[in-house]
Number of protein chains: 4
Amino acid sequence: MASRNSSAAGWLECERVLDRVAGAVRGVLGSGHVPDQIPALASADPHLFGLAVATVEGEVHGVGEWRRRFSIQSISKVFTLALVIEKDGEALWTRVGREPSGTSFNSLVQLEHERGIPRNPFINAGALVVTDRLLTLTGDACGAVERFLRTECACPEIASDQAVASSEAEHGDRNAALAHFVASYGNLENPVGRVLDHYVRHCAIAMSCAELALAGGFLARHGVRRDGSRLLSRSDAKRINAIMLTCGTYDAAGEFAYRIGLPCKSGVGGGIVAVVPDRLTLCVWSPAVDASGNSVLGTRALELFASRTGLSIF
Amino acid sequence: MASRNSSAAGWLECERVLDRVAGAVRGVLGSGHVPDQIPALASADPHLFGLAVATVEGEVHGVGEWRRRFSIQSISKVFTLALVIEKDGEALWTRVGREPSGTSFNSLVQLEHERGIPRNPFINAGALVVTDRLLTLTGDACGAVERFLRTECACPEIASDQAVASSEAEHGDRNAALAHFVASYGNLENPVGRVLDHYVRHCAIAMSCAELALAGGFLARHGVRRDGSRLLSRSDAKRINAIMLTCGTYDAAGEFAYRIGLPCKSGVGGGIVAVVPDRLTLCVWSPAVDASGNSVLGTRALELFASRTGLSIF
Amino acid sequence: MASRNSSAAGWLECERVLDRVAGAVRGVLGSGHVPDQIPALASADPHLFGLAVATVEGEVHGVGEWRRRFSIQSISKVFTLALVIEKDGEALWTRVGREPSGTSFNSLVQLEHERGIPRNPFINAGALVVTDRLLTLTGDACGAVERFLRTECACPEIASDQAVASSEAEHGDRNAALAHFVASYGNLENPVGRVLDHYVRHCAIAMSCAELALAGGFLARHGVRRDGSRLLSRSDAKRINAIMLTCGTYDAAGEFAYRIGLPCKSGVGGGIVAVVPDRLTLCVWSPAVDASGNSVLGTRALELFASRTGLSIF
Amino acid sequence: MASRNSSAAGWLECERVLDRVAGAVRGVLGSGHVPDQIPALASADPHLFGLAVATVEGEVHGVGEWRRRFSIQSISKVFTLALVIEKDGEALWTRVGREPSGTSFNSLVQLEHERGIPRNPFINAGALVVTDRLLTLTGDACGAVERFLRTECACPEIASDQAVASSEAEHGDRNAALAHFVASYGNLENPVGRVLDHYVRHCAIAMSCAELALAGGFLARHGVRRDGSRLLSRSDAKRINAIMLTCGTYDAAGEFAYRIGLPCKSGVGGGIVAVVPDRLTLCVWSPAVDASGNSVLGTRALELFASRTGLSIF
């Protein structure tokens, strides 16, 4: 993968790297735990592992369970953010910050110190504000995300899993607390219940590694969608990568930048999307997560991939 | 500067960019304030501005006061960190973290929650631990930094400014508090007074933009010094860039990643070093800083430079 | 009032003290502000002032608007706490702490650090847990409080003001956030919506100074109700006084202990109940509150009363 | 002890109570730990226990090791506070607050949030400010405390234990951090080193339960010294009792008020002084302390004493 051209030789090389990474991560199988705060996800098999790579030209390659769908959870926050910026430009940043939170991903502490302005759009409180704005802009935040994902993957059946969404809503007191807290500072435009509904539904979208690698392609193509049309300006696309790097993996963002060196966004369902600007989008998945909420095997696989290919933004 | 080769044409282009940036930043003159916590620095002229660029090949170009020396302050933390990692590898990371702090740069709060392990090597508490380790490894932490800088710049008179160091030591109750606090958790190897002495002295080193751009060249050359010898492994050099991106500009790191998109390290003396991996190291200087402690004109100049050249790691 | 016997002479003396206090507090009229977070209360006249004293024998005396009803708000938390302890003994203390919170009265910070166990039963989060328990124990938390108050005051029309309760519920995002947050740690037994409903309703009970002084008589009588029956053990009644002293006036409890020296419980509606164990219960009311949420005139009146009578627990 | 008169019958009763308390606390022997942050105190025998009671008339009675001296540590903070208020009145309160801290006794967190104004005079940061003021007012803070204690106990050999003071100074990084931190906000009048020196020395004063009960007599006598002269106004003496109740036992003040119901001040050397206004001052001592820093046996003994005698301010 030293070459930027995805020639046949490059692909043979790529397959070899993916196979080696998949082989090597077997060593950390059994670490971490499948999170139980969303009962519908708690039964996921921690031995599953998938990894897919999509080039900026749209070729996809994978290993393991790379075609199996899982709950994208917080990875959806990249897409809601992109769609709000597409429609609304910089206006969002009066309501959400862009700094790493420094504390656990659903912390209320900084929210209180900073008068209801969430630290960044990837902590839950910030993502609720983004969802709220997307709801105002589109009338159907979850639907807007689904439509975008279906188009990018050319896969019309991508949809939110209603069972997962219901399970999450039933056990969603923490998110409800965050939403009411943000609302108490006047930082929601829609009723709390509606915002929460769209939020849990776009988090419950089910996709495979292959699909997520394709759907995140605009991040590697500096804002250009798969069909060549522009979703975001070059500058805005780079900025989303920047926010992914500094805030995309809960309170392990520094560790990810240090070990992996690529913009990443993780979800508690075990998926992680990573971007090699101008080249590739990756998606890795394995259900067991560490204390920070990031997939254990996924993190290790990305580290091995970056180390073996030398791909890094630094 | 679209070309990676610093051809004559490239240099003409570069000069034009630097001139335009220097012209444009005049518009924010008067913003910010010259910090007064170190009396010897409080009299700096806020209208001064310098910017230098050094290519990975060692060519340097500049504009404004790019040859005038100023107090490098926290920029010295990049060099102490590099020297400790050179000599000691990964051992440091049991004593210092790698996550953004999320709060103001000299905060004691997280230090207490996390039992004396500073969040990262660039907040003051973390830099004190790095200085402590460099003192153990070399017997003369400030001297080791000075020697390194003199060699990289081929400039034997680079030295700590004793008047600035004394002024800082006299008004250094906050740093003394941090050092004693870290020591109370057993996380210093040397006496508090000695660590503080070396810390304020390496912060008081005086250098110009041109010298700092040259001295930071190893960060753009993935660990290779100016003479071609290797200071750090490729991987370790990239990792220092990663820490600069996530933690290098106090609690504005997210904002810098978003607006500028390059690893940066700032100092309260008004200097900022930025890295374009594989290409350039920049240093910009202007004494007035914003509420986060970063040079106002320097930040704006880097933003303009990145925007006009399209250079970004994302 | 030096004599413990409420003789005729004593009463004449008492009237004089009340008149003097009422006269003296006129000097601070105009300080503070009528809180606007509950719209139905925002129009209260800040010039109103009432003060009533009830002896342990049940005699009541007052000055100013001492017979006018106002919204008791957080003062209701004393009664819910007493009723839960009456029915449930010490069991409550596994779910709520007994320490001053040290921060503002609706803070989520400590709640997060302490895993959903509110600091004490008088901060909003703790009071929600108490209401939740009373709901479980009685099936009608607000009704239980109303019944108790009606009996103690021999005044069957005491009731929650539905307009105030609705107004508070509509603007209750902060309380909803607290309730969901506590629920997210498994520390509520009833649905969040039901707990909030009973909470805002018992806070919206309307009473006069005379009625509150009578209703709080059991605190001065060490647990004995007005009819001579025992509500709480001597020890439990003293303990509620202790919690009032350390936690009863939001984050100004230290200031109240220092200046007034009596167990007090305040409400954002402008009322404050104070206890002189073995002698008196006082209630003072004036709608304008200070930054801590305590009535400005009420605080000053209690300070003057304590200073002129020499009554203090210290 | 139901009678306020310390008649012969009363004393027989008192002896019986003390014997019973001493017998009953044997049951919790072995709980807690002897703190090791001050090496010179770490070897104290955790089985030792003493309890003394002094009436307002100056009669003293005791049980166990009530005549054995121990390190008074933070109990000294009551005396420094009283001496500063005696000489300086209310001026201190611009530099120190009067609210419970809500967090652990040497926390830096609130100090930072509140710009160097310690929460109250009994947390270490606040006590350093009090010592600083006493140093300014007397030129010898430790000496002033020693002189006061010697007079009240009629015991001229009461003195600071130099070995304990040196041991504490050598391991005093936390206190040094606090002092420098307070100094960084301009809230110390004397050099940090001098303040720390006097602070550790007055903490290292050695006294017995009998002596401390006598020395604290002015708190039960509303400001009157043993010789009948007035140290503090009635109001100021009551206010020190109020601060003891709300802040005197580290972050267990709410628990002490609830369980014991008397103003108390504890020290990490295992001593606790308690006040029954108008009647008694108690001092209990046993070296093993709990997680909050309060003597385990001492706390239990006070609780039993209060429960058996019915003495309580509530």
# chains A, B, ... in the order shown; residues from 1 in each chain; ligands from 1

call {"tool": "select_by_dssp", "arguments": {"residues": "stretch 247-282 of chain B", "states": "strand (DSSP E or B)", "output": "list in words"}}
result
Cys264, Lys265, Ser266, Gly271, Ile272, Val273, Ala274, Val275, Val276, Leu280, Thr281 and Leu282 of chain B

call {"tool": "residues_around", "arguments": {"residues": "D:Leu128", "least_positions_apart": "2", "cutoff": "10 Å", "atoms": "only C-alpha atoms", "output": "list of chain:residue names"}}
result
D:Lys77, D:Thr80, D:Pro118, D:Pro121, D:Phe122, D:Ile123, D:Asn124, D:Ala125, D:Gly126, D:Val130, D:Thr131, D:Asp132, D:Arg133, D:Leu134, D:Asn175, D:Ala176, D:Leu178, D:Ala179, D:Val182, D:Asn187, D:Leu188, D:Val192, D:Val195, D:Leu196, D:His198, D:Tyr199, D:Val200

call {"tool": "select_by_dssp", "arguments": {"residues": "stretch 86-308 of chain B", "states": "alpha helix (DSSP H)", "output": "PyMOL selection string"}}
result
chain B and resi 86-88+109-113+124-138+141-153+162-170+173-184+192-203+209-215+217-220+234-247+253-259+296-308

call {"tool": "residues_around", "arguments": {"residues": "D:Asp88", "least_positions_apart": "2", "cutoff": "12 Å", "atoms": "only C-alpha atoms", "output": "ChimeraX atom specification"}}
result
/D:80-86,90-94,130,133-134,136-138,232,236

call {"tool": "write_last_selection", "arguments": {"atoms": "all heavy atoms", "output": "short mmCIF file (atom, residue, chain, number, x, y, z; two decimals), in the first residue's frame"}}
result
data_model
loop_
_atom_site.label_atom_id
_atom_site.label_comp_id
_atom_site.auth_asym_id
_atom_site.auth_seq_id
_atom_site.Cartn_x
_atom_site.Cartn_y
_atom_site.Cartn_z
N THR D 80 -5.67 28.64 66.53
CA THR D 80 -5.16 29.71 65.66
C THR D 80 -6.32 30.59 65.20
O THR D 80 -6.21 31.81 65.16
CB THR D 80 -4.42 29.14 64.42
OG1 THR D 80 -5.25 28.19 63.76
CG2 THR D 80 -3.11 28.46 64.83
N LEU D 81 -7.44 29.97 64.86
CA LEU D 81 -8.60 30.75 64.42
C LEU D 81 -9.08 31.68 65.53
O LEU D 81 -9.33 32.87 65.30
CB LEU D 81 -9.73 29.81 63.99
CG LEU D 81 -11.02 30.50 63.56
CD1 LEU D 81 -10.80 31.39 62.34
CD2 LEU D 81 -12.13 29.49 63.28
N ALA D 82 -9.20 31.14 66.74
CA ALA D 82 -9.68 31.97 67.86
C ALA D 82 -8.73 33.14 68.11
O ALA D 82 -9.17 34.27 68.33
CB ALA D 82 -9.81 31.10 69.12
N LEU D 83 -7.43 32.90 68.04
CA LEU D 83 -6.47 33.97 68.31
C LEU D 83 -6.50 35.04 67.21
O LEU D 83 -6.35 36.23 67.50
CB LEU D 83 -5.05 33.39 68.47
CG LEU D 83 -4.86 32.51 69.71
CD1 LEU D 83 -3.46 31.87 69.72
CD2 LEU D 83 -5.08 33.32 71.00
N VAL D 84 -6.69 34.62 65.95
CA VAL D 84 -6.79 35.61 64.88
C VAL D 84 -8.06 36.45 65.03
O VAL D 84 -8.04 37.67 64.89
CB VAL D 84 -6.74 34.94 63.49
CG1 VAL D 84 -7.19 35.90 62.40
CG2 VAL D 84 -5.32 34.46 63.20
N ILE D 85 -9.17 35.80 65.34
CA ILE D 85 -10.42 36.56 65.51
C ILE D 85 -10.33 37.49 66.72
O ILE D 85 -10.81 38.62 66.69
CB ILE D 85 -11.63 35.59 65.61
CG1 ILE D 85 -11.85 34.94 64.24
CG2 ILE D 85 -12.88 36.33 66.07
CD1 ILE D 85 -12.96 33.93 64.20
N GLU D 86 -9.69 37.01 67.78
CA GLU D 86 -9.50 37.87 68.95
C GLU D 86 -8.80 39.18 68.57
O GLU D 86 -9.20 40.26 68.99
CB GLU D 86 -8.65 37.13 70.00
CG GLU D 86 -8.37 37.98 71.25
CD GLU D 86 -7.02 37.68 71.88
OE1 GLU D 86 -6.26 36.85 71.31
OE2 GLU D 86 -6.73 38.27 72.92
N GLU D 90 -13.43 40.46 62.18
CA GLU D 90 -14.02 39.85 60.99
C GLU D 90 -13.14 39.95 59.74
O GLU D 90 -13.51 39.44 58.68
CB GLU D 90 -15.37 40.52 60.68
CG GLU D 90 -16.42 40.42 61.78
CD GLU D 90 -17.24 39.15 61.65
OE1 GLU D 90 -17.74 38.86 60.55
OE2 GLU D 90 -17.35 38.41 62.67
N ALA D 91 -12.01 40.62 59.86
CA ALA D 91 -11.19 40.88 58.65
C ALA D 91 -10.77 39.60 57.94
O ALA D 91 -10.62 39.58 56.71
CB ALA D 91 -9.96 41.69 59.03
N LEU D 92 -10.59 38.54 58.70
CA LEU D 92 -10.13 37.28 58.10
C LEU D 92 -11.03 36.80 56.97
O LEU D 92 -10.57 36.17 56.02
CB LEU D 92 -10.08 36.21 59.20
CG LEU D 92 -9.63 34.82 58.75
CD1 LEU D 92 -8.15 34.85 58.39
CD2 LEU D 92 -9.88 33.78 59.85
N TRP D 93 -12.32 37.09 57.08
CA TRP D 93 -13.29 36.45 56.17
C TRP D 93 -13.24 36.97 54.75
O TRP D 93 -13.97 36.49 53.88
CB TRP D 93 -14.70 36.53 56.77
CG TRP D 93 -14.76 35.94 58.14
CD1 TRP D 93 -15.10 36.58 59.30
CD2 TRP D 93 -14.43 34.60 58.52
NE1 TRP D 93 -15.00 35.73 60.37
CE2 TRP D 93 -14.60 34.51 59.93
CE3 TRP D 93 -14.00 33.46 57.83
CZ2 TRP D 93 -14.36 33.32 60.64
CZ3 TRP D 93 -13.76 32.30 58.53
CH2 TRP D 93 -13.94 32.24 59.92
N THR D 94 -12.42 37.97 54.49
CA THR D 94 -12.20 38.32 53.08
C THR D 94 -11.21 37.36 52.43
O THR D 94 -11.10 37.29 51.22
CB THR D 94 -11.64 39.75 52.94
OG1 THR D 94 -10.41 39.82 53.67
CG2 THR D 94 -12.62 40.76 53.50
N VAL D 130 -4.92 31.22 57.89
CA VAL D 130 -5.08 31.66 59.28
C VAL D 130 -3.70 31.77 59.96
O VAL D 130 -3.41 32.75 60.65
CB VAL D 130 -5.99 30.68 60.05
CG1 VAL D 130 -6.04 31.04 61.53
CG2 VAL D 130 -7.40 30.69 59.46
N ARG D 133 -1.93 34.80 58.82
CA ARG D 133 -2.42 36.03 59.45
C ARG D 133 -1.92 36.14 60.90
O ARG D 133 -1.51 37.21 61.34
CB ARG D 133 -3.95 36.05 59.41
CG ARG D 133 -4.55 37.36 59.90
CD ARG D 133 -4.21 38.53 59.00
NE ARG D 133 -4.51 39.82 59.61
CZ ARG D 133 -3.79 40.92 59.44
NH1 ARG D 133 -2.72 40.91 58.66
NH2 ARG D 133 -4.13 42.04 60.04
N LEU D 134 -1.94 35.02 61.60
CA LEU D 134 -1.47 35.02 62.99
C LEU D 134 0.02 35.38 63.05
O LEU D 134 0.47 36.07 63.97
CB LEU D 134 -1.73 33.66 63.64
CG LEU D 134 -1.51 33.55 65.15
CD1 LEU D 134 -2.36 34.57 65.92
CD2 LEU D 134 -1.83 32.13 65.64
N THR D 136 1.55 37.35 60.91
CA THR D 136 1.63 38.79 60.72
C THR D 136 1.27 39.54 62.01
O THR D 136 1.93 40.51 62.39
CB THR D 136 0.66 39.23 59.60
OG1 THR D 136 1.03 38.55 58.40
CG2 THR D 136 0.72 40.73 59.37
N LEU D 137 0.23 39.03 62.69
CA LEU D 137 -0.28 39.75 63.86
C LEU D 137 0.62 39.62 65.08
O LEU D 137 0.66 40.51 65.93
CB LEU D 137 -1.68 39.23 64.22
CG LEU D 137 -2.80 39.56 63.23
CD1 LEU D 137 -4.05 38.73 63.54
CD2 LEU D 137 -3.14 41.05 63.28
N THR D 138 1.35 38.49 65.17
CA THR D 138 2.10 38.22 66.40
C THR D 138 3.60 38.10 66.16
O THR D 138 4.37 38.16 67.11
CB THR D 138 1.65 36.88 67.03
OG1 THR D 138 1.98 35.82 66.11
CG2 THR D 138 0.16 36.87 67.31
N LEU D 232 -13.03 36.03 73.46
CA LEU D 232 -13.86 36.35 72.29
C LEU D 232 -15.21 36.84 72.78
O LEU D 232 -15.66 36.46 73.87
CB LEU D 232 -14.09 35.10 71.43
CG LEU D 232 -12.87 34.42 70.84
CD1 LEU D 232 -13.30 33.12 70.16
CD2 LEU D 232 -12.20 35.34 69.82
N ASP D 236 -18.82 35.74 68.73
CA ASP D 236 -17.70 35.13 68.01
C ASP D 236 -17.43 33.70 68.49
O ASP D 236 -17.07 32.83 67.71
CB ASP D 236 -16.43 35.98 68.18
CG ASP D 236 -16.43 37.19 67.24
OD1 ASP D 236 -17.16 37.14 66.23
OD2 ASP D 236 -15.71 38.16 67.53
#

call {"tool": "interface_residues", "arguments": {"of": "chain D", "to": "chain C", "cutoff": "8 Å", "atoms": "only C-alpha atoms", "output": "compact mmCIF listing (two decimals) with N, CA and C atoms, in the first residue's frame"}}
result
# COMPACT_ATOMS: atom_id res chain seq x y z
N ARG D 98 -16.49 30.30 54.76
CA ARG D 98 -17.05 29.62 55.94
C ARG D 98 -17.96 28.48 55.55
N GLU D 99 -17.79 27.98 54.34
CA GLU D 99 -18.67 26.91 53.89
C GLU D 99 -17.96 25.56 53.95
N PRO D 100 -18.72 24.51 54.23
CA PRO D 100 -18.15 23.16 54.14
C PRO D 100 -17.53 22.95 52.77
N SER D 101 -16.49 22.15 52.70
CA SER D 101 -15.79 22.02 51.41
C SER D 101 -16.43 20.97 50.51
N GLY D 102 -17.11 20.00 51.11
CA GLY D 102 -17.76 19.00 50.27
C GLY D 102 -16.81 18.00 49.65
N THR D 103 -15.51 18.26 49.76
CA THR D 103 -14.55 17.28 49.23
C THR D 103 -13.43 17.07 50.23
N LYS D 238 -19.66 31.58 69.71
CA LYS D 238 -20.69 30.73 69.14
C LYS D 238 -20.40 30.45 67.66
N ARG D 239 -19.87 31.44 66.97
CA ARG D 239 -19.58 31.28 65.55
C ARG D 239 -18.46 30.27 65.30
N ILE D 240 -17.48 30.24 66.21
CA ILE D 240 -16.44 29.20 66.05
C ILE D 240 -17.07 27.81 66.25
N ASN D 241 -17.96 27.71 67.23
CA ASN D 241 -18.68 26.43 67.38
C ASN D 241 -19.43 26.07 66.10
N ALA D 242 -20.06 27.06 65.48
CA ALA D 242 -20.81 26.80 64.25
C ALA D 242 -19.88 26.28 63.14
N ILE D 243 -18.71 26.91 63.02
CA ILE D 243 -17.77 26.45 61.98
C ILE D 243 -17.26 25.05 62.31
N THR D 246 -19.98 22.63 61.15
CA THR D 246 -20.16 22.45 59.70
C THR D 246 -18.88 22.04 58.98
N ASP D 251 -14.38 15.85 55.65
CA ASP D 251 -15.60 15.72 54.87
C ASP D 251 -16.62 14.77 55.51
N ALA D 252 -16.53 14.63 56.84
CA ALA D 252 -17.54 13.86 57.57
C ALA D 252 -18.35 14.77 58.48
N ALA D 253 -18.36 16.05 58.22
CA ALA D 253 -19.03 16.99 59.12
C ALA D 253 -20.53 16.70 59.20
N GLY D 254 -21.14 16.37 58.07
CA GLY D 254 -22.56 16.05 58.07
C GLY D 254 -22.83 14.83 58.92
N GLU D 255 -21.98 13.84 58.79
CA GLU D 255 -22.11 12.61 59.57
C GLU D 255 -21.95 12.88 61.07
N ALA D 257 -22.52 15.76 62.64
CA ALA D 257 -23.69 16.50 63.11
C ALA D 257 -24.86 15.55 63.30
N TYR D 258 -24.99 14.63 62.37
CA TYR D 258 -26.10 13.67 62.40
C TYR D 258 -25.98 12.71 63.57
N ARG D 259 -24.80 12.12 63.73
CA ARG D 259 -24.64 11.06 64.74
C ARG D 259 -24.34 11.60 66.13
N GLY D 261 -24.04 15.33 66.98
CA GLY D 261 -24.84 16.52 67.29
C GLY D 261 -24.12 17.55 68.15
N PRO D 277 -22.16 23.39 74.46
CA PRO D 277 -22.17 24.80 74.87
C PRO D 277 -22.82 24.97 76.24
N ILE D 313 -26.79 19.59 70.65
CA ILE D 313 -27.25 20.97 70.45
C ILE D 313 -28.57 21.01 69.71
N PHE D 314 -29.00 19.88 69.19
CA PHE D 314 -30.24 19.87 68.39
C PHE D 314 -31.45 19.45 69.21

call {"tool": "residues_around", "arguments": {"residues": "stretch 33-42 of chain D", "least_positions_apart": "6", "cutoff": "9 Å", "atoms": "only C-alpha atoms", "output": "ChimeraX atom specification"}}
result
/D:71,163-172,268-270,287-291,293,296

call {"tool": "atom_distance", "arguments": {"atom1": "atom CA of B:Ala24", "atom2": "atom CA of B:Thr309"}}
result
14.5 Å

call {"tool": "atom_distance", "arguments": {"atom1": "atom CA of B:Gly271", "atom2": "atom CA of B:Leu135"}}
result
24.9 Å

call {"tool": "residues_around", "arguments": {"residues": "C:Met207", "least_positions_apart": "5", "cutoff": "12 Å", "atoms": "only C-alpha atoms", "output": "number ranges by chain"}}
result
C: 50, 65-73, 75-76, 146, 149-150, 153, 155-161, 202, 212-215, 269-273, 283-285

call {"tool": "atom_distance", "arguments": {"atom1": "atom CA of A:Thr55", "atom2": "atom CA of A:Ala204"}}
result
26.0 Å

call {"tool": "decode", "arguments": {"residues": "stretch 270-277 of chain A", "atoms": "all heavy atoms", "output": "CSV table (one decimal), in the first residue's frame"}}
result
chain,number,residue,atom,x,y,z
A,270,GLY,N,-18.9,-1.6,18.9
A,270,GLY,CA,-17.7,-2.3,18.5
A,270,GLY,C,-17.1,-1.9,17.2
A,270,GLY,O,-16.0,-2.4,16.8
A,271,GLY,N,-17.7,-1.0,16.5
A,271,GLY,CA,-17.2,-0.5,15.2
A,271,GLY,C,-16.2,0.7,15.4
A,271,GLY,O,-16.4,1.5,16.3
A,272,ILE,N,-15.3,0.8,14.5
A,272,ILE,CA,-14.4,2.0,14.4
A,272,ILE,C,-14.2,2.3,12.9
A,272,ILE,O,-13.8,1.4,12.2
A,272,ILE,CB,-13.0,1.8,15.1
A,272,ILE,CG1,-13.2,1.2,16.5
A,272,ILE,CG2,-12.3,3.1,15.1
A,272,ILE,CD1,-11.8,0.9,17.2
A,273,VAL,N,-14.4,3.6,12.6
A,273,VAL,CA,-14.1,4.0,11.2
A,273,VAL,C,-12.8,4.8,11.3
A,273,VAL,O,-12.7,5.7,12.2
A,273,VAL,CB,-15.2,4.9,10.6
A,273,VAL,CG1,-14.8,5.6,9.4
A,273,VAL,CG2,-16.4,4.0,10.3
A,274,ALA,N,-11.9,4.6,10.4
A,274,ALA,CA,-10.6,5.4,10.4
A,274,ALA,C,-10.4,5.9,8.9
A,274,ALA,O,-10.8,5.3,8.0
A,274,ALA,CB,-9.4,4.5,10.8
A,275,VAL,N,-9.7,7.1,8.9
A,275,VAL,CA,-9.6,7.7,7.6
A,275,VAL,C,-8.1,7.9,7.3
A,275,VAL,O,-7.3,8.4,8.2
A,275,VAL,CB,-10.2,9.1,7.6
A,275,VAL,CG1,-10.1,9.8,6.3
A,275,VAL,CG2,-11.7,9.0,8.0
A,276,VAL,N,-7.6,7.5,6.1
A,276,VAL,CA,-6.3,7.9,5.6
A,276,VAL,C,-6.6,8.9,4.5
A,276,VAL,O,-6.9,8.5,3.4
A,276,VAL,CB,-5.5,6.7,5.0
A,276,VAL,CG1,-4.1,7.1,4.7
A,276,VAL,CG2,-5.5,5.5,6.0
A,277,PRO,N,-6.5,10.2,4.8
A,277,PRO,CA,-6.9,11.2,3.9
A,277,PRO,C,-6.2,11.0,2.5
A,277,PRO,O,-5.1,10.7,2.4
A,277,PRO,CB,-6.4,12.5,4.5
A,277,PRO,CG,-6.4,12.3,5.9
A,277,PRO,CD,-5.9,10.8,6.1
